[in-house]
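For reference, my_file.cif (mmCIF, C-alpha atoms and all ligand atoms):
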```cif
data_final
#
loop_
_atom_site.label_atom_id
_atom_site.label_comp_id
_atom_site.auth_asym_id
_atom_site.auth_seq_id
_atom_site.Cartn_x
_atom_site.Cartn_y
_atom_site.Cartn_z
CA MET C 155 -10.35 16.04 -15.53
CA ALA C 156 -7.82 13.94 -17.44
CA ASP C 157 -8.91 10.36 -18.20
CA GLN C 158 -5.59 8.89 -17.30
CA VAL C 159 -3.84 9.06 -13.95
CA GLU C 160 -0.06 9.19 -13.64
CA LEU C 161 1.51 7.10 -10.90
CA PHE C 162 5.00 7.98 -9.68
CA TYR C 163 6.40 4.57 -9.02
CA ALA C 164 9.26 2.47 -7.81
CA PRO C 165 9.15 -1.35 -7.79
CA GLN C 166 8.76 -3.26 -4.53
CA THR C 167 7.52 -0.25 -2.58
CA ARG C 168 4.21 1.04 -1.29
CA ALA C 169 3.53 2.13 -4.89
CA THR C 170 3.22 -1.55 -5.84
CA GLY C 171 -0.09 -1.84 -4.01
CA VAL C 172 -1.41 1.26 -5.74
CA ARG C 173 -0.58 -0.30 -9.08
CA VAL C 174 -2.39 -3.48 -8.04
CA LEU C 175 -5.44 -1.37 -7.19
CA LEU C 176 -5.28 0.37 -10.60
CA GLU C 177 -5.24 -3.07 -12.24
CA GLU C 178 -8.13 -4.28 -10.09
CA LEU C 179 -10.08 -1.18 -11.09
CA GLY C 180 -9.20 -1.54 -14.78
CA ALA C 181 -8.18 2.13 -14.64
CA PRO C 182 -6.19 3.80 -17.41
CA TYR C 183 -2.84 4.80 -15.97
CA LYS C 184 0.67 5.78 -16.89
CA LEU C 185 3.69 4.85 -14.76
CA ASN C 186 6.46 7.32 -14.12
CA VAL C 187 9.17 5.02 -12.79
CA LEU C 188 11.90 6.33 -10.50
CA ASN C 189 15.15 4.54 -9.80
CA PHE C 190 15.93 5.08 -6.09
CA LYS C 191 19.40 3.64 -6.61
CA LEU C 192 20.15 6.52 -8.98
CA GLY C 193 18.62 9.02 -6.57
CA GLU C 194 15.85 9.93 -9.00
CA ASN C 195 13.39 10.47 -6.15
CA ARG C 196 15.66 13.20 -4.73
CA ARG C 197 15.95 15.17 -7.97
CA ALA C 198 14.42 18.64 -8.11
CA ASP C 199 11.84 17.62 -10.72
CA TYR C 200 10.46 14.90 -8.44
CA LEU C 201 10.73 16.97 -5.25
CA ALA C 202 8.46 19.47 -7.01
CA VAL C 203 5.85 16.68 -7.13
CA ASN C 204 6.46 15.28 -3.64
CA PRO C 205 8.85 17.28 -1.43
CA ALA C 206 9.31 14.17 0.74
CA GLY C 207 10.90 12.37 -2.22
CA LYS C 208 8.68 9.35 -1.62
CA VAL C 209 6.41 7.16 -3.68
CA PRO C 210 3.59 6.59 -4.31
CA ALA C 211 2.41 9.90 -5.68
CA LEU C 212 -0.44 10.30 -8.11
CA ARG C 213 -1.14 13.08 -10.59
CA HIS C 214 -4.64 13.46 -11.97
CA GLY C 215 -5.15 16.59 -14.04
CA ASP C 216 -3.70 19.37 -11.90
CA ALA C 217 -4.13 17.49 -8.63
CA VAL C 218 -1.22 15.76 -6.94
CA ILE C 219 -2.00 13.22 -4.23
CA THR C 220 0.63 11.74 -1.95
CA GLU C 221 0.25 9.27 0.98
CA GLN C 222 -0.80 5.81 -0.02
CA VAL C 223 -4.02 5.79 1.98
CA ALA C 224 -5.23 9.02 0.33
CA ILE C 225 -4.33 7.59 -3.07
CA TYR C 226 -6.24 4.34 -2.51
CA LEU C 227 -9.31 6.21 -1.30
CA TYR C 228 -9.13 8.65 -4.20
CA LEU C 229 -8.80 5.95 -6.85
CA ALA C 230 -11.52 3.69 -5.48
CA ASP C 231 -13.89 6.69 -5.35
CA LEU C 232 -12.94 7.66 -8.90
CA PHE C 233 -14.30 4.34 -10.18
CA PRO C 234 -17.30 3.63 -7.91
CA GLU C 235 -18.87 1.40 -10.57
CA LYS C 236 -16.11 -1.16 -9.96
CA GLY C 237 -17.60 -1.86 -6.54
CA LEU C 238 -14.39 -1.57 -4.52
CA THR C 239 -15.61 1.36 -2.42
CA PRO C 240 -18.72 1.35 -0.23
CA SER C 241 -20.96 4.36 -1.00
CA LEU C 242 -21.56 7.14 1.55
CA GLU C 243 -24.90 5.48 2.44
CA ASP C 244 -23.39 2.02 2.89
CA PRO C 245 -23.06 0.99 6.57
CA ARG C 246 -19.60 -0.36 5.72
CA ARG C 247 -18.35 3.14 4.80
CA GLY C 248 -17.24 4.02 8.33
CA PRO C 249 -15.38 0.72 8.94
CA TYR C 250 -13.86 1.07 5.45
CA LEU C 251 -12.35 4.44 6.42
CA ARG C 252 -11.39 3.10 9.82
CA TRP C 253 -9.28 0.25 8.47
CA PHE C 254 -7.63 2.46 5.87
CA VAL C 255 -6.53 4.98 8.49
CA HIS C 256 -5.54 2.22 10.90
CA MET C 257 -2.75 1.30 8.48
CA ALA C 258 -1.21 4.79 8.51
CA SER C 259 -1.90 5.84 12.07
CA CYS C 260 -1.38 2.56 13.95
CA PHE C 261 0.04 -0.35 11.94
CA GLU C 262 2.91 1.43 10.19
CA PRO C 263 4.12 3.40 13.23
CA ALA C 264 4.02 0.19 15.28
CA LEU C 265 6.03 -1.66 12.62
CA VAL C 266 8.64 1.08 12.35
CA ASP C 267 9.18 1.16 16.12
CA ARG C 268 9.53 -2.62 16.13
CA ALA C 269 11.83 -2.73 13.08
CA LEU C 270 14.14 -0.11 14.59
CA LYS C 271 14.05 -1.88 17.96
CA ARG C 272 12.79 1.31 19.56
CA GLU C 273 11.18 1.03 22.92
CA GLU C 274 7.41 1.38 22.53
CA PRO C 275 6.05 4.66 23.86
CA PRO C 276 3.95 4.32 27.03
CA GLN C 277 0.45 3.16 25.95
CA SER C 278 -1.19 6.42 26.94
CA MET C 279 1.25 8.43 24.80
CA SER C 280 1.36 6.04 21.85
CA PRO C 281 -0.73 6.77 18.74
CA TYR C 282 -1.17 3.01 18.31
CA GLY C 283 -1.50 1.68 21.86
CA SER C 284 0.89 -1.26 21.66
CA PHE C 285 2.30 -3.44 18.90
CA ASP C 286 0.46 -6.45 20.27
CA THR C 287 -2.92 -4.73 20.37
CA VAL C 288 -2.49 -3.50 16.79
CA MET C 289 -1.80 -7.06 15.61
CA GLU C 290 -4.64 -8.49 17.67
CA ASN C 291 -7.13 -5.89 16.34
CA MET C 292 -6.28 -6.83 12.79
CA ARG C 293 -6.26 -10.55 13.50
CA ALA C 294 -9.72 -10.35 15.08
CA GLN C 295 -11.06 -8.36 12.14
CA LEU C 296 -9.72 -10.84 9.58
CA ALA C 297 -11.01 -13.79 11.60
CA LYS C 298 -14.52 -12.59 10.65
CA GLY C 299 -13.36 -12.51 6.99
CA PRO C 300 -12.89 -13.52 4.37
CA TYR C 301 -12.17 -9.83 3.65
CA VAL C 302 -11.57 -6.85 5.94
CA LEU C 303 -15.21 -5.79 5.62
CA GLY C 304 -16.71 -9.26 5.45
CA GLU C 305 -17.95 -11.08 2.36
CA ASP C 306 -16.82 -8.70 -0.37
CA MET C 307 -13.40 -7.46 -1.32
CA THR C 308 -12.91 -3.69 -1.27
CA ALA C 309 -9.94 -1.41 -1.95
CA VAL C 310 -8.86 -1.64 1.68
CA ASP C 311 -7.99 -5.31 1.09
CA VAL C 312 -5.32 -4.34 -1.43
CA LEU C 313 -3.70 -2.13 1.21
CA TRP C 314 -3.83 -4.82 3.91
CA GLY C 315 -2.90 -7.65 1.57
CA MET C 316 0.26 -5.81 0.61
CA GLY C 317 1.01 -4.46 4.09
CA LEU C 318 0.68 -7.79 5.89
CA ARG C 319 2.63 -9.60 3.20
CA TRP C 320 5.59 -7.19 3.41
CA GLY C 321 5.43 -7.12 7.19
CA MET C 322 5.62 -10.92 7.42
CA ALA C 323 8.29 -11.14 4.69
CA PHE C 324 10.46 -8.77 6.74
CA GLY C 325 9.86 -10.85 9.86
CA ILE C 326 8.18 -8.00 11.75
CA VAL C 327 4.53 -9.02 11.57
CA PRO C 328 3.80 -12.32 13.35
CA GLU C 329 2.81 -15.18 11.05
CA LEU C 330 -0.66 -15.65 12.50
CA ASP C 331 -2.98 -18.15 10.79
CA GLU C 332 -5.46 -15.40 9.89
CA PHE C 333 -2.72 -13.28 8.29
CA LYS C 334 -1.27 -16.22 6.37
CA ALA C 335 -4.65 -17.37 5.00
CA TYR C 336 -5.65 -13.81 4.05
CA THR C 337 -2.41 -12.94 2.25
CA ALA C 338 -2.23 -16.34 0.50
CA ARG C 339 -5.64 -15.66 -1.07
CA PHE C 340 -4.59 -12.14 -1.98
CA MET C 341 -1.36 -13.29 -3.62
CA ASP C 342 -3.31 -15.53 -6.00
CA ARG C 343 -5.17 -12.64 -7.59
CA PRO C 344 -4.17 -12.16 -11.26
CA ALA C 345 -3.52 -8.43 -10.73
CA VAL C 346 -1.12 -9.18 -7.86
CA VAL C 347 0.70 -11.92 -9.77
CA LYS C 348 1.14 -9.62 -12.78
CA VAL C 349 2.34 -6.57 -10.85
CA LEU C 350 4.76 -8.51 -8.62
CA GLN C 351 6.28 -10.25 -11.64
CA GLU C 352 6.74 -6.93 -13.44
CA ASP C 353 8.20 -5.44 -10.26
CA GLN C 354 10.82 -8.16 -10.17
CA ASN C 355 11.86 -7.41 -13.74
CA MET C 356 11.86 -3.67 -13.09
CA ALA C 357 13.95 -4.05 -9.94
CA LYS C 358 16.51 -6.09 -11.89
CA GLU C 359 16.67 -3.46 -14.65
CA GLN C 360 17.16 -0.73 -12.04
CA GLU C 361 19.91 -2.71 -10.33
CA ASP C 362 21.67 -3.17 -13.69
CA ALA C 363 21.35 0.54 -14.45
CA ALA C 364 22.87 1.38 -11.06
CA ILE C 365 25.76 -1.04 -11.65
CA HIS C 366 26.29 0.51 -15.07
CA ALA C 367 26.33 3.97 -13.49
CA GLY C 368 28.82 2.75 -10.88
CA VAL C 369 26.55 3.47 -7.93
CA ALA C 370 25.47 -0.03 -6.89
N1 LIG H 1 3.76 8.26 4.16
C1 LIG H 1 4.05 7.71 2.86
C2 LIG H 1 5.25 6.80 2.95
C3 LIG H 1 5.82 6.51 1.58
C4 LIG H 1 7.16 5.81 1.67
O1 LIG H 1 7.77 5.69 2.73
N2 LIG H 1 7.64 5.37 0.50
C5 LIG H 1 8.94 4.76 0.40
C6 LIG H 1 8.85 3.50 -0.44
S1 LIG H 1 7.83 2.26 0.30
C7 LIG H 1 9.89 5.71 -0.33
O2 LIG H 1 9.48 6.37 -1.24
N3 LIG H 1 11.16 5.73 0.07
C8 LIG H 1 12.16 6.48 -0.62
C9 LIG H 1 13.02 7.33 0.28
O3 LIG H 1 12.53 7.82 1.29
O4 LIG H 1 14.17 7.52 -0.05
C10 LIG H 1 2.82 6.98 2.31
O5 LIG H 1 1.99 6.55 3.10
O6 LIG H 1 2.67 6.86 1.08
#
```

What do you get writing this file as structure tokens?
Ligand SMILES: N[C@@H](CCC(=O)N[C@@H](CS)C(=O)NCC(=O)O)C(=O)O
Amino acid sequence: MADQVELFYAPQTRATGVRVLLEELGAPYKLNVLNFKLGENRRADYLAVNPAGKVPALRHGDAVITEQVAIYLYLADLFPEKGLTPSLEDPRRGPYLRWFVHMASCFEPALVDRALKREEPPQSMSPYGSFDTVMENMRAQLAKGPYVLGEDMTAVDVLWGMGLRWGMAFGIVPELDEFKAYTARFMDRPAVVKVLQEDQNMAKEQEDAAIHAGVA
């Protein structure tokens, strides 16, 4: 298997959190940056990697992994010595998987319905129950803190740190005390500071390139 992973990337997207995780893991990686404004994620060469035209996507040797939750799990397992993934024998392994999948199967669908002002499905039909129960579940988990699984940070905290921060920044996730305290601590991490600063520069460069190409 190749030593280095390749991350298909765009700034200020779900790929940002994956890059933060790579930094936290000290993993060797190469970025393959796509400019959405130039439609680079819809070009045939990228659709051959991810037919959905979305980032993040990860290439490791011949394997391509899409879906941020799968990528986080894969990377944390690739570097178990970094201590960001509970082992199969660790009693935290089940809750670790639970809170990863909760993001994709409950939190994100609830946020999208809310952002689009769609009526929530009836509770019995909804994959997430209700928006309020999703928020309350997460709040109650973080109240035990300081991290999702208790005393020690794991890879799932990078996912939730990013997800809650974006959700609050877009005014969709309620600014609960537990969410604010948790994300404030997360935002202070050197890896987060570095990646968000570089994202800002990258986003500006992409904007300039789009203006230059006459598409912005
Ligand atoms: N289900 C995907 C969602 C990925 C996704 O929606 N990525 C956005 C950026 S945050 C994207 O690539 N959007 C580009 C587009 O659809 O045009 C995952 O969990 O990774």

Where's the centre, and what are the edge lengths in Å to one decimal, of a box along x, y and z enclosing all listed atoms of ligand LIG 1 (chain H) padded 4 Å per side, as AutoDock Vina command-line options?
```
--center_x 8.1 --center_y 5.3 --center_z 1.5 --size_x 20.2 --size_y 14.0 --size_z 13.4
```

key: Exercise: Leu318 (chain C) partners within 12 Å, all atoms listed in the file, chain neighbours under 6 positions left out, as a PyMOL selection string   = chain C and resi 168+171+257+261-262+265+289+292-293+296+311-312+324-330+332-338+340-341

message = To check your reading of the model: which residues sit at most 8 Å from ligand LIG 1 (chain H) when counting all atoms listed in the file? Write the answer as a ChimeraX atom specification.
response = /C:164,166-169,190,195-196,206-211,220-223,258

Radius query 7 Å about (2.2, 5.8, -15.9), atoms used: all atoms listed in the file, as number ranges by chain = C: 160-161, 183-186

ask   = What's the 9 Å shell around Val349 (chain C), counting only C-alpha atoms, without same-chain residues fewer than 2 positions away, as a VMD selection string?
value = chain C and resid 170 to 171 173 to 174 177 344 to 347 351 to 354

Export C-alpha atoms of the chosen residues as a CSV table (one decimal), in the frame of the given file?
```csv
chain,number,residue,atom,x,y,z
C,170,THR,CA,3.2,-1.6,-5.8
C,171,GLY,CA,-0.1,-1.8,-4.0
C,173,ARG,CA,-0.6,-0.3,-9.1
C,174,VAL,CA,-2.4,-3.5,-8.0
C,177,GLU,CA,-5.2,-3.1,-12.2
C,344,PRO,CA,-4.2,-12.2,-11.3
C,345,ALA,CA,-3.5,-8.4,-10.7
C,346,VAL,CA,-1.1,-9.2,-7.9
C,347,VAL,CA,0.7,-11.9,-9.8
C,351,GLN,CA,6.3,-10.2,-11.6
C,352,GLU,CA,6.7,-6.9,-13.4
C,353,ASP,CA,8.2,-5.4,-10.3
C,354,GLN,CA,10.8,-8.2,-10.2
```

message = If I take CA of Gln158 (chain C) and CA of Ala217 (chain C), how far is one from the other in Å, to one decimal?
response =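 We find that CA of Gln158 (chain C) and CA of Ala217 (chain C) lie 12.3 Å from each other.
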
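Nearest residue to Glu359 (chain C) among C:Pro165, C:Pro205, C:Pro245, C:Pro263 is C:Pro165, counting only C-alpha atoms.
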
request  = Write out as a PyMOL selection string each polymer residue whose atoms come within 12 Å of Pro234 (chain C), counting only C-alpha atoms; drop sequence neighbours fewer than 6 positions from it.
outcome  = chain C and resi 179-181+227-228+240-242+308-309

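Atom to atom, CA of Phe285 (chain C) and CA of Ala264 (chain C) stand 5.4 Å apart.
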
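Taking only C-alpha atoms into account, Gly368 (chain C) lies nearest to C:Leu192 out of the set C:Ala224, C:Leu251, C:Leu192, C:Leu232.
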
query = In Å to one decimal, how far is CA of Arg339 (chain C) from CA of Val159 (chain C)?
reply =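 Interatomic distance here is 27.9 Å.
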
task = Find the spatial neighbours of Leu238 (chain C), counting all atoms listed in the file, within a cut-off of 9 Å - ignore same-chain residues fewer than 5 positions away - and output them as a ChimeraX atom specification.
result = /C:178-179,230-231,233,306-310

query = Of the candidates C:Val218, C:Leu313, C:Leu176, C:Ala370, which shows the shortest atom-to-atom distance to Val203 (chain C), using only C-alpha atoms?
reply =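 With only C-alpha atoms as the atom set, the closest residue is C:Val218.
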
Residue nearest Thr287 (chain C) - candidates C:Ala323, C:Met356, C:Cys260, C:Ile225, atoms counted: only C-alpha atoms = C:Cys260

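Between Ala269 (chain C) and the residues C:Val172, C:Gly321, C:Gly193, C:Asp331, the shortest atom-to-atom distance, using all atoms listed in the file, involves C:Gly321.
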
task = For each of C:Ala294, C:Val288, C:Val266, C:Leu350, take the minimum atom-to-atom distance to Met316 (chain C), counting all atoms listed in the file, then give the residue where this is smallest.
result = C:Leu350

Dump of region 223-262 of chain C from preceding block, C-alpha atoms, as a PDB file, in the first residue's frame:
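Saved the output as part_18.pdb:
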```pdb
ATOM      1  CA  VAL C 223     -17.462   9.361   7.703  1.00  0.00           C
ATOM      2  CA  ALA C 224     -15.861   6.420   5.864  1.00  0.00           C
ATOM      3  CA  ILE C 225     -12.760   8.523   5.237  1.00  0.00           C
ATOM      4  CA  TYR C 226     -12.385   9.538   8.888  1.00  0.00           C
ATOM      5  CA  LEU C 227     -12.793   5.956  10.060  1.00  0.00           C
ATOM      6  CA  TYR C 228     -10.343   4.686   7.448  1.00  0.00           C
ATOM      7  CA  LEU C 229      -7.661   7.233   8.281  1.00  0.00           C
ATOM      8  CA  ALA C 230      -7.906   6.882  12.044  1.00  0.00           C
ATOM      9  CA  ASP C 231      -7.614   3.086  11.663  1.00  0.00           C
ATOM     10  CA  LEU C 232      -4.635   3.497   9.339  1.00  0.00           C
ATOM     11  CA  PHE C 233      -2.669   5.179  12.134  1.00  0.00           C
ATOM     12  CA  PRO C 234      -3.839   3.382  15.306  1.00  0.00           C
ATOM     13  CA  GLU C 235      -0.622   4.319  17.107  1.00  0.00           C
ATOM     14  CA  LYS C 236      -1.775   7.952  17.136  1.00  0.00           C
ATOM     15  CA  GLY C 237      -4.495   7.004  19.607  1.00  0.00           C
ATOM     16  CA  LEU C 238      -7.408   8.671  17.827  1.00  0.00           C
ATOM     17  CA  THR C 239      -9.330   5.429  17.279  1.00  0.00           C
ATOM     18  CA  PRO C 240     -10.462   3.055  20.032  1.00  0.00           C
ATOM     19  CA  SER C 241      -9.359  -0.532  19.291  1.00  0.00           C
ATOM     20  CA  LEU C 242     -11.878  -3.308  18.561  1.00  0.00           C
ATOM     21  CA  GLU C 243     -11.546  -4.455  22.202  1.00  0.00           C
ATOM     22  CA  ASP C 244     -12.069  -0.981  23.652  1.00  0.00           C
ATOM     23  CA  PRO C 245     -15.556  -0.507  25.180  1.00  0.00           C
ATOM     24  CA  ARG C 246     -15.661   2.912  23.501  1.00  0.00           C
ATOM     25  CA  ARG C 247     -15.519   1.314  20.027  1.00  0.00           C
ATOM     26  CA  GLY C 248     -19.292   0.944  19.703  1.00  0.00           C
ATOM     27  CA  PRO C 249     -20.091   4.511  20.846  1.00  0.00           C
ATOM     28  CA  TYR C 250     -17.282   5.747  18.570  1.00  0.00           C
ATOM     29  CA  LEU C 251     -19.003   4.174  15.548  1.00  0.00           C
ATOM     30  CA  ARG C 252     -22.384   5.333  16.788  1.00  0.00           C
ATOM     31  CA  TRP C 253     -21.446   9.009  16.888  1.00  0.00           C
ATOM     32  CA  PHE C 254     -19.715   8.856  13.527  1.00  0.00           C
ATOM     33  CA  VAL C 255     -22.779   7.398  11.837  1.00  0.00           C
ATOM     34  CA  HIS C 256     -25.081   9.750  13.726  1.00  0.00           C
ATOM     35  CA  MET C 257     -23.540  12.613  11.757  1.00  0.00           C
ATOM     36  CA  ALA C 258     -24.393  11.096   8.361  1.00  0.00           C
ATOM     37  CA  SER C 259     -27.666   9.383   9.150  1.00  0.00           C
ATOM     38  CA  CYS C 260     -29.271  11.877  11.560  1.00  0.00           C
ATOM     39  CA  PHE C 261     -27.499  15.219  11.987  1.00  0.00           C
ATOM     40  CA  GLU C 262     -26.885  16.075   8.324  1.00  0.00           C
TER      41      GLU C 262
END
```
